file target.pdb (PDB, C-alpha atoms)
ATOM      1  CA  MET M   1      96.199  75.672 101.840  1.00  0.00           C
ATOM      2  CA  LEU M   2      97.207  75.047  98.239  1.00  0.00           C
ATOM      3  CA  HIS M   3      95.189  76.246  95.284  1.00  0.00           C
ATOM      4  CA  ASP M   4      94.360  74.219  92.177  1.00  0.00           C
ATOM      5  CA  GLY M   5      96.648  76.150  89.847  1.00  0.00           C
ATOM      6  CA  PRO M   6      98.558  79.332  89.237  1.00  0.00           C
ATOM      7  CA  ARG M   7      96.762  82.624  89.293  1.00  0.00           C
ATOM      8  CA  SER M   8      96.607  84.683  86.136  1.00  0.00           C
ATOM      9  CA  GLU M   9      97.488  87.989  87.775  1.00  0.00           C
ATOM     10  CA  LEU M  10      99.256  89.507  90.731  1.00  0.00           C
ATOM     11  CA  VAL M  11      97.450  92.339  92.451  1.00  0.00           C
ATOM     12  CA  LEU M  12      98.835  94.195  95.434  1.00  0.00           C
ATOM     13  CA  HIS M  13      96.460  96.543  97.185  1.00  0.00           C
ATOM     14  CA  LEU M  14      98.044  99.660  98.581  1.00  0.00           C
ATOM     15  CA  PRO M  15      96.658 101.207 101.749  1.00  0.00           C
ATOM     16  CA  GLU M  16      93.922 103.681 100.848  1.00  0.00           C
ATOM     17  CA  TRP M  17      95.543 106.424 102.900  1.00  0.00           C
ATOM     18  CA  LEU M  18      98.845 106.257 100.970  1.00  0.00           C
ATOM     19  CA  CYS M  19      97.719 108.153  97.867  1.00  0.00           C
ATOM     20  CA  GLN M  20      95.817 110.785  99.838  1.00  0.00           C
ATOM     21  CA  PHE M  21      98.745 111.308 102.193  1.00  0.00           C
ATOM     22  CA  SER M  22     101.161 111.627  99.266  1.00  0.00           C
ATOM     23  CA  ILE M  23      98.901 114.008  97.327  1.00  0.00           C
ATOM     24  CA  ALA M  24      98.770 116.226 100.404  1.00  0.00           C
ATOM     25  CA  GLN M  25     102.577 116.406 100.203  1.00  0.00           C
ATOM     26  CA  LYS M  26     102.673 117.482  96.527  1.00  0.00           C
ATOM     27  CA  ARG M  27     105.447 119.992  96.819  1.00  0.00           C
ATOM     28  CA  PRO M  28     109.103 119.868  95.971  1.00  0.00           C
ATOM     29  CA  PHE M  29     111.174 118.421  98.794  1.00  0.00           C
ATOM     30  CA  ASP M  30     114.130 120.786  98.915  1.00  0.00           C
ATOM     31  CA  THR M  31     116.494 118.894 101.235  1.00  0.00           C
ATOM     32  CA  VAL M  32     117.535 115.288 101.712  1.00  0.00           C
ATOM     33  CA  GLU M  33     116.336 115.563 105.303  1.00  0.00           C
ATOM     34  CA  ALA M  34     112.848 116.616 104.143  1.00  0.00           C
ATOM     35  CA  LYS M  35     112.706 113.588 101.848  1.00  0.00           C
ATOM     36  CA  MET M  36     113.847 111.290 104.641  1.00  0.00           C
ATOM     37  CA  ARG M  37     111.356 112.702 107.124  1.00  0.00           C
ATOM     38  CA  PHE M  38     108.606 112.109 104.560  1.00  0.00           C
ATOM     39  CA  VAL M  39     109.454 108.390 104.244  1.00  0.00           C
ATOM     40  CA  ILE M  40     109.855 108.057 108.005  1.00  0.00           C
ATOM     41  CA  GLU M  41     106.351 109.534 108.327  1.00  0.00           C
ATOM     42  CA  LEU M  42     105.108 106.971 105.774  1.00  0.00           C
ATOM     43  CA  ALA M  43     106.519 104.209 107.989  1.00  0.00           C
ATOM     44  CA  GLU M  44     104.932 105.736 111.086  1.00  0.00           C
ATOM     45  CA  GLN M  45     101.548 106.109 109.368  1.00  0.00           C
ATOM     46  CA  ASN M  46     101.748 102.484 108.225  1.00  0.00           C
ATOM     47  CA  ILE M  47     102.117 101.450 111.872  1.00  0.00           C
ATOM     48  CA  GLU M  48      99.450 103.798 113.233  1.00  0.00           C
ATOM     49  CA  ARG M  49      96.916 102.812 110.571  1.00  0.00           C
ATOM     50  CA  GLN M  50      97.807  99.113 110.993  1.00  0.00           C
ATOM     51  CA  THR M  51      98.372  98.639 107.264  1.00  0.00           C
ATOM     52  CA  GLY M  52     101.802  97.007 107.313  1.00  0.00           C
ATOM     53  CA  GLY M  53     105.349  96.972 108.596  1.00  0.00           C
ATOM     54  CA  PRO M  54     107.526  99.818 109.920  1.00  0.00           C
ATOM     55  CA  PHE M  55     109.206 100.747 106.652  1.00  0.00           C
ATOM     56  CA  GLY M  56     108.652 103.592 104.203  1.00  0.00           C
ATOM     57  CA  ALA M  57     110.341 104.508 100.936  1.00  0.00           C
ATOM     58  CA  ALA M  58     109.860 106.812  97.981  1.00  0.00           C
ATOM     59  CA  ILE M  59     111.297 107.561  94.576  1.00  0.00           C
ATOM     60  CA  PHE M  60     112.101 111.228  93.982  1.00  0.00           C
ATOM     61  CA  ASP M  61     113.461 113.274  91.113  1.00  0.00           C
ATOM     62  CA  ALA M  62     116.801 114.090  92.750  1.00  0.00           C
ATOM     63  CA  ASP M  63     117.190 117.438  91.015  1.00  0.00           C
ATOM     64  CA  SER M  64     113.724 118.960  91.430  1.00  0.00           C
ATOM     65  CA  GLY M  65     112.762 117.189  94.667  1.00  0.00           C
ATOM     66  CA  ARG M  66     109.495 116.066  93.052  1.00  0.00           C
ATOM     67  CA  LEU M  67     107.914 112.971  94.578  1.00  0.00           C
ATOM     68  CA  ILE M  68     107.439 110.345  91.871  1.00  0.00           C
ATOM     69  CA  ALA M  69     106.095 107.448  93.954  1.00  0.00           C
ATOM     70  CA  PRO M  70     105.706 106.511  97.628  1.00  0.00           C
ATOM     71  CA  GLY M  71     105.944 103.032  99.087  1.00  0.00           C
ATOM     72  CA  VAL M  72     105.228 101.294 102.362  1.00  0.00           C
ATOM     73  CA  ASN M  73     105.767  97.752 103.529  1.00  0.00           C
ATOM     74  CA  ILE M  74     102.635  95.661 102.845  1.00  0.00           C
ATOM     75  CA  VAL M  75     104.065  92.165 103.309  1.00  0.00           C
ATOM     76  CA  VAL M  76     101.551  90.912 105.866  1.00  0.00           C
ATOM     77  CA  PRO M  77      98.287  92.377 104.488  1.00  0.00           C
ATOM     78  CA  SER M  78      99.154  91.315 100.928  1.00  0.00           C
ATOM     79  CA  ASN M  79     100.560  87.870 101.841  1.00  0.00           C
ATOM     80  CA  CYS M  80     103.530  88.717  99.654  1.00  0.00           C
ATOM     81  CA  SER M  81     107.065  88.582 101.031  1.00  0.00           C
ATOM     82  CA  ILE M  82     108.447  90.789  98.244  1.00  0.00           C
ATOM     83  CA  ALA M  83     106.103  93.708  99.075  1.00  0.00           C
ATOM     84  CA  HIS M  84     108.787  95.723 100.881  1.00  0.00           C
ATOM     85  CA  ALA M  85     108.543  99.506 100.885  1.00  0.00           C
ATOM     86  CA  GLU M  86     111.437  99.888  98.425  1.00  0.00           C
ATOM     87  CA  MET M  87     109.988  97.335  96.010  1.00  0.00           C
ATOM     88  CA  VAL M  88     106.565  99.009  96.156  1.00  0.00           C
ATOM     89  CA  ALA M  89     108.064 102.479  95.552  1.00  0.00           C
ATOM     90  CA  ILE M  90     110.196 101.231  92.648  1.00  0.00           C
ATOM     91  CA  ALA M  91     107.266  99.401  91.024  1.00  0.00           C
ATOM     92  CA  LEU M  92     104.937 102.405  91.390  1.00  0.00           C
ATOM     93  CA  ALA M  93     107.565 104.770  90.008  1.00  0.00           C
ATOM     94  CA  GLN M  94     108.131 102.516  86.993  1.00  0.00           C
ATOM     95  CA  GLN M  95     104.390 102.385  86.363  1.00  0.00           C
ATOM     96  CA  THR M  96     104.150 106.163  86.801  1.00  0.00           C
ATOM     97  CA  ILE M  97     106.860 106.970  84.259  1.00  0.00           C
ATOM     98  CA  GLY M  98     105.919 104.091  81.963  1.00  0.00           C
ATOM     99  CA  SER M  99     109.293 102.361  81.947  1.00  0.00           C
ATOM    100  CA  TYR M 100     111.058  99.579  83.822  1.00  0.00           C
ATOM    101  CA  ASP M 101     114.171 101.808  83.793  1.00  0.00           C
ATOM    102  CA  LEU M 102     114.099 104.805  86.126  1.00  0.00           C
ATOM    103  CA  GLY M 103     117.283 106.111  84.514  1.00  0.00           C
ATOM    104  CA  THR M 104     116.253 106.436  80.869  1.00  0.00           C
ATOM    105  CA  ASP M 105     115.586 110.159  80.572  1.00  0.00           C
ATOM    106  CA  ASN M 106     117.230 113.284  81.934  1.00  0.00           C
ATOM    107  CA  THR M 107     115.817 112.633  85.400  1.00  0.00           C
ATOM    108  CA  VAL M 108     118.110 111.366  88.134  1.00  0.00           C
ATOM    109  CA  CYS M 109     115.871 109.183  90.286  1.00  0.00           C
ATOM    110  CA  GLU M 110     116.749 108.532  93.881  1.00  0.00           C
ATOM    111  CA  LEU M 111     115.376 105.988  96.313  1.00  0.00           C
ATOM    112  CA  VAL M 112     114.855 107.292  99.818  1.00  0.00           C
ATOM    113  CA  THR M 113     114.255 104.563 102.386  1.00  0.00           C
ATOM    114  CA  SER M 114     113.605 104.717 106.118  1.00  0.00           C
ATOM    115  CA  THR M 115     115.881 101.706 106.668  1.00  0.00           C
ATOM    116  CA  GLU M 116     118.777 100.415 104.588  1.00  0.00           C
ATOM    117  CA  PRO M 117     117.721  97.874 101.967  1.00  0.00           C
ATOM    118  CA  CYS M 118     117.559  94.196 102.857  1.00  0.00           C
ATOM    119  CA  ALA M 119     119.263  91.639 100.614  1.00  0.00           C
ATOM    120  CA  MET M 120     116.269  91.426  98.268  1.00  0.00           C
ATOM    121  CA  CYS M 121     115.819  95.169  97.854  1.00  0.00           C
ATOM    122  CA  LEU M 122     119.560  95.616  97.463  1.00  0.00           C
ATOM    123  CA  GLY M 123     119.431  93.260  94.489  1.00  0.00           C
ATOM    124  CA  ALA M 124     116.608  95.237  92.872  1.00  0.00           C
ATOM    125  CA  ILE M 125     118.272  98.644  93.131  1.00  0.00           C
ATOM    126  CA  PRO M 126     120.783  98.395  90.243  1.00  0.00           C
ATOM    127  CA  TRP M 127     118.113  96.988  87.913  1.00  0.00           C
ATOM    128  CA  SER M 128     115.666  99.749  88.776  1.00  0.00           C
ATOM    129  CA  GLY M 129     117.751 102.518  87.261  1.00  0.00           C
ATOM    130  CA  VAL M 130     117.928 104.706  90.385  1.00  0.00           C
ATOM    131  CA  ARG M 131     121.188 106.650  90.646  1.00  0.00           C
ATOM    132  CA  ARG M 132     121.156 107.488  94.351  1.00  0.00           C
ATOM    133  CA  ILE M 133     119.911 105.877  97.547  1.00  0.00           C
ATOM    134  CA  LEU M 134     119.385 107.708 100.817  1.00  0.00           C
ATOM    135  CA  CYS M 135     119.058 105.548 103.942  1.00  0.00           C
ATOM    136  CA  GLY M 136     117.792 106.323 107.437  1.00  0.00           C
ATOM    137  CA  ALA M 137     118.176 103.463 109.927  1.00  0.00           C
ATOM    138  CA  ARG M 138     120.822 100.799 109.407  1.00  0.00           C
ATOM    139  CA  GLY M 139     120.177  97.128 108.724  1.00  0.00           C
ATOM    140  CA  GLU M 140     121.456  96.355 112.205  1.00  0.00           C
ATOM    141  CA  ASP M 141     118.685  98.568 113.611  1.00  0.00           C
ATOM    142  CA  ALA M 142     116.071  96.431 111.825  1.00  0.00           C
ATOM    143  CA  CYS M 143     117.784  93.267 113.105  1.00  0.00           C
ATOM    144  CA  ALA M 144     117.746  94.674 116.641  1.00  0.00           C
ATOM    145  CA  VAL M 145     113.925  94.576 116.636  1.00  0.00           C
ATOM    146  CA  GLY M 146     113.835  91.097 115.073  1.00  0.00           C
ATOM    147  CA  PHE M 147     113.757  91.522 111.280  1.00  0.00           C
ATOM    148  CA  ASP M 148     116.001  89.391 109.061  1.00  0.00           C
ATOM    149  CA  GLU M 149     117.906  91.505 106.543  1.00  0.00           C
ATOM    150  CA  GLY M 150     119.266  88.518 104.609  1.00  0.00           C
ATOM    151  CA  ALA M 151     122.735  87.833 103.305  1.00  0.00           C
ATOM    152  CA  LYS M 152     124.072  91.192 102.169  1.00  0.00           C
ATOM    153  CA  PRO M 153     127.691  91.649 101.084  1.00  0.00           C
ATOM    154  CA  ALA M 154     129.811  93.285 103.785  1.00  0.00           C
ATOM    155  CA  ASP M 155     130.647  96.126 101.385  1.00  0.00           C
ATOM    156  CA  TRP M 156     127.222  96.528  99.784  1.00  0.00           C
ATOM    157  CA  VAL M 157     127.721 100.301  99.716  1.00  0.00           C
ATOM    158  CA  GLY M 158     130.952  99.879  97.739  1.00  0.00           C
ATOM    159  CA  ALA M 159     129.226  97.426  95.393  1.00  0.00           C
ATOM    160  CA  LEU M 160     126.501  99.986  94.580  1.00  0.00           C
ATOM    161  CA  ARG M 161     129.021 102.797  94.226  1.00  0.00           C
ATOM    162  CA  GLY M 162     130.983 100.564  91.838  1.00  0.00           C
ATOM    163  CA  ARG M 163     127.846 100.496  89.680  1.00  0.00           C
ATOM    164  CA  GLY M 164     127.569 104.286  89.700  1.00  0.00           C
ATOM    165  CA  ILE M 165     124.915 104.489  92.415  1.00  0.00           C
ATOM    166  CA  GLU M 166     125.566 107.033  95.146  1.00  0.00           C
ATOM    167  CA  VAL M 167     124.753 105.906  98.707  1.00  0.00           C
ATOM    168  CA  VAL M 168     124.094 108.191 101.671  1.00  0.00           C
ATOM    169  CA  GLN M 169     123.652 106.543 105.073  1.00  0.00           C
ATOM    170  CA  ASP M 170     122.417 107.595 108.517  1.00  0.00           C
ATOM    171  CA  LEU M 171     120.103 110.416 107.395  1.00  0.00           C
ATOM    172  CA  CYS M 172     117.819 111.144 110.372  1.00  0.00           C
ATOM    173  CA  ARG M 173     118.914 107.751 111.741  1.00  0.00           C
ATOM    174  CA  ALA M 174     117.656 108.341 115.293  1.00  0.00           C
ATOM    175  CA  GLU M 175     114.175 109.229 113.982  1.00  0.00           C
ATOM    176  CA  ALA M 176     114.108 106.145 111.758  1.00  0.00           C
ATOM    177  CA  GLN M 177     115.296 103.914 114.625  1.00  0.00           C
ATOM    178  CA  ALA M 178     112.504 105.291 116.814  1.00  0.00           C
ATOM    179  CA  VAL M 179     109.890 104.097 114.283  1.00  0.00           C
ATOM    180  CA  LEU M 180     111.313 100.560 114.363  1.00  0.00           C
ATOM    181  CA  ARG M 181     111.266 100.523 118.164  1.00  0.00           C
ATOM    182  CA  HIS M 182     107.718 101.940 118.186  1.00  0.00           C
ATOM    183  CA  TYR M 183     106.570  99.070 115.963  1.00  0.00           C
ATOM    184  CA  LEU M 184     107.976  96.594 118.466  1.00  0.00           C
ATOM    185  CA  THR M 185     106.417  98.470 121.406  1.00  0.00           C
ATOM    186  CA  VAL M 186     102.916  98.331 119.898  1.00  0.00           C
ATOM    187  CA  GLY M 187     103.247  94.607 119.220  1.00  0.00           C
ATOM    188  CA  GLY M 188     103.848  94.807 115.482  1.00  0.00           C
ATOM    189  CA  HIS M 189     104.194  91.457 113.759  1.00  0.00           C
ATOM    190  CA  ILE M 190     107.788  90.449 112.962  1.00  0.00           C
ATOM    191  CA  TYR M 191     107.131  88.413 109.841  1.00  0.00           C
ATOM    192  CA  ASN M 192     110.343  86.536 109.041  1.00  0.00           C
ATOM    193  CA  ALA M 193     109.517  83.268 107.296  1.00  0.00           C
ATOM    194  CA  GLN M 194     110.535  80.402 109.579  1.00  0.00           C
ATOM    195  CA  ARG M 195     111.981  83.014 111.953  1.00  0.00           C
ATOM    196  CA  GLY M 196     114.871  83.640 109.570  1.00  0.00           C
ATOM    197  CA  ARG M 197     116.160  80.057 109.730  1.00  0.00           C
TER     198      ARG M 197
END
call {"tool": "encode", "arguments": {"input": "target.pdb", "output": "structure tokens"}}
result
Amino acid sequence: MLHDGPRSELVLHLPEWLCQFSIAQKRPFDTVEAKMRFVIELAEQNIERQTGGPFGAAIFDADSGRLIAPGVNIVVPSNCSIAHAEMVAIALAQQTIGSYDLGTDNTVCELVTSTEPCAMCLGAIPWSGVRRILCGARGEDACAVGFDEGAKPADWVGALRGRGIEVVQDLCRAEAQAVLRHYLTVGGHIYNAQRGR
């Protein structure tokens, strides 16, 4: 169904539980594994509460371990294909600090994501200002359950490192893979437009 004209605003509604869950976690995360387990739990909660896809992400202050902003995948409930967990976390972090650049002050921001970024999220990372990305499951793990990761360069890690962005892969990978498989087991909607064609 087409509408008569463009809308004057874009509003994405986050799941109500997300803020409460994150507030309950207001403590410094002292290890990369603790940060990863937090975003994996976001993904799991998103499945259990039926509020979106099996992906979680967050922006942290890399030095202090302080959570700046959480994100979950809300593509289906928001009818917005760009509402991936990484994009939500980046946007919330930018709103929280009041800048489109997460690298403008003395804070080193890092993106922690339960699954490696898809092609779209990969493109957003350098422009966000984050200096480090920590990944759980691999893109191939997301593809194995039916998601389309898009056309990513074969050496996307090298491309980010060439831009001064550190990349760590396979953190708690088995735990992150289990969340993807769980989503498939409970009949979660695989929402590729035109089935990835």
call {"tool": "residues_around", "arguments": {"input": "target.pdb", "residues": "stretch 82-98 of chain M", "least_positions_apart": "2", "cutoff": "7 Å", "atoms": "only C-alpha atoms", "output": "PyMOL selection string"}}
result
chain M and resi 55-59+68-75+80+100-102+113+121+128
call {"tool": "resolve_selection", "arguments": {"input": "target.pdb", "expression": "the PyMOL selection byres ((chain M and resi 43) around 10)", "output": "compact mmCIF listing (two decimals) with C-alpha atoms, in the coordinates of the input"}}
result
# COMPACT_ATOMS: atom_id res chain seq x y z
CA ARG M 37 111.36 112.70 107.12
CA PHE M 38 108.61 112.11 104.56
CA VAL M 39 109.45 108.39 104.24
CA ILE M 40 109.86 108.06 108.00
CA GLU M 41 106.35 109.53 108.33
CA LEU M 42 105.11 106.97 105.77
CA GLU M 44 104.93 105.74 111.09
CA GLN M 45 101.55 106.11 109.37
CA ASN M 46 101.75 102.48 108.22
CA ILE M 47 102.12 101.45 111.87
CA GLU M 48 99.45 103.80 113.23
CA THR M 51 98.37 98.64 107.26
CA GLY M 52 101.80 97.01 107.31
CA GLY M 53 105.35 96.97 108.60
CA PRO M 54 107.53 99.82 109.92
CA PHE M 55 109.21 100.75 106.65
CA GLY M 56 108.65 103.59 104.20
CA ALA M 57 110.34 104.51 100.94
CA GLY M 71 105.94 103.03 99.09
CA VAL M 72 105.23 101.29 102.36
CA ASN M 73 105.77 97.75 103.53
CA ALA M 85 108.54 99.51 100.88
CA THR M 113 114.26 104.56 102.39
CA SER M 114 113.60 104.72 106.12
CA THR M 115 115.88 101.71 106.67
CA ALA M 176 114.11 106.14 111.76
CA VAL M 179 109.89 104.10 114.28
CA LEU M 180 111.31 100.56 114.36
CA TYR M 183 106.57 99.07 115.96
call {"tool": "closest_residue", "arguments": {"input": "target.pdb", "among": "M:Ile165, M:Ala159, M:Val112, M:Cys172", "to": "M:Glu33", "atoms": "all atoms listed in the file"}}
result
M:Cys172
call {"tool": "atom_distance", "arguments": {"input": "target.pdb", "atom1": "atom CA of M:Val145", "atom2": "atom CA of M:Gly187"}}
result
11.0 Å
call {"tool": "residues_near_point", "arguments": {"input": "target.pdb", "point": "(126.4, 96.3, 100.8)", "cutoff": "10 Å", "atoms": "all atoms listed in the file", "output": "compact mmCIF listing (two decimals) with C-alpha atoms, in the frame of the given file"}}
result
# COMPACT_ATOMS: atom_id res chain seq x y z
CA GLU M 116 118.78 100.42 104.59
CA PRO M 117 117.72 97.87 101.97
CA CYS M 118 117.56 94.20 102.86
CA ALA M 119 119.26 91.64 100.61
CA LEU M 122 119.56 95.62 97.46
CA GLY M 123 119.43 93.26 94.49
CA ALA M 151 122.74 87.83 103.30
CA LYS M 152 124.07 91.19 102.17
CA PRO M 153 127.69 91.65 101.08
CA ALA M 154 129.81 93.28 103.78
CA ASP M 155 130.65 96.13 101.38
CA TRP M 156 127.22 96.53 99.78
CA VAL M 157 127.72 100.30 99.72
CA GLY M 158 130.95 99.88 97.74
CA ALA M 159 129.23 97.43 95.39
CA LEU M 160 126.50 99.99 94.58
CA ARG M 161 129.02 102.80 94.23
CA VAL M 167 124.75 105.91 98.71
call {"tool": "residues_around", "arguments": {"input": "target.pdb", "residues": "M:Asp148", "least_positions_apart": "2", "cutoff": "7 Å", "atoms": "all atoms listed in the file", "output": "PyMOL selection string"}}
result
chain M and resi 143+146+150+192+196
call {"tool": "resolve_selection", "arguments": {"input": "target.pdb", "expression": "the PyMOL selection byres ((chain M and resi 109) around 8)", "output": "list in words"}}
result
Ile59, Phe60, Asp61, Ala62, Leu102, Gly103, Thr107, Val108, Glu110, Leu111, Gly129, Val130, Arg131 and Arg132 of chain M
call {"tool": "write_last_selection", "arguments": {"input": "target.pdb", "atoms": "C-alpha atoms", "output": "PDB file, in the frame of the given file"}}
result
ATOM      1  CA  ILE M  59     111.297 107.561  94.576  1.00  0.00           C
ATOM      2  CA  PHE M  60     112.101 111.228  93.982  1.00  0.00           C
ATOM      3  CA  ASP M  61     113.461 113.274  91.113  1.00  0.00           C
ATOM      4  CA  ALA M  62     116.801 114.090  92.750  1.00  0.00           C
ATOM      5  CA  LEU M 102     114.099 104.805  86.126  1.00  0.00           C
ATOM      6  CA  GLY M 103     117.283 106.111  84.514  1.00  0.00           C
ATOM      7  CA  THR M 107     115.817 112.633  85.400  1.00  0.00           C
ATOM      8  CA  VAL M 108     118.110 111.366  88.134  1.00  0.00           C
ATOM      9  CA  GLU M 110     116.749 108.532  93.881  1.00  0.00           C
ATOM     10  CA  LEU M 111     115.376 105.988  96.313  1.00  0.00           C
ATOM     11  CA  GLY M 129     117.751 102.518  87.261  1.00  0.00           C
ATOM     12  CA  VAL M 130     117.928 104.706  90.385  1.00  0.00           C
ATOM     13  CA  ARG M 131     121.188 106.650  90.646  1.00  0.00           C
ATOM     14  CA  ARG M 132     121.156 107.488  94.351  1.00  0.00           C
TER      15      ARG M 132
END
call {"tool": "atom_distance", "arguments": {"input": "target.pdb", "atom1": "atom CA of M:Arg49", "atom2": "atom CA of M:Pro15"}}
result
9.0 Å
call {"tool": "closest_residue", "arguments": {"input": "target.pdb", "among": "M:Arg163, M:His189, M:Gly139, M:Pro77", "to": "M:Gln177", "atoms": "all atoms listed in the file"}}
result
M:Gly139
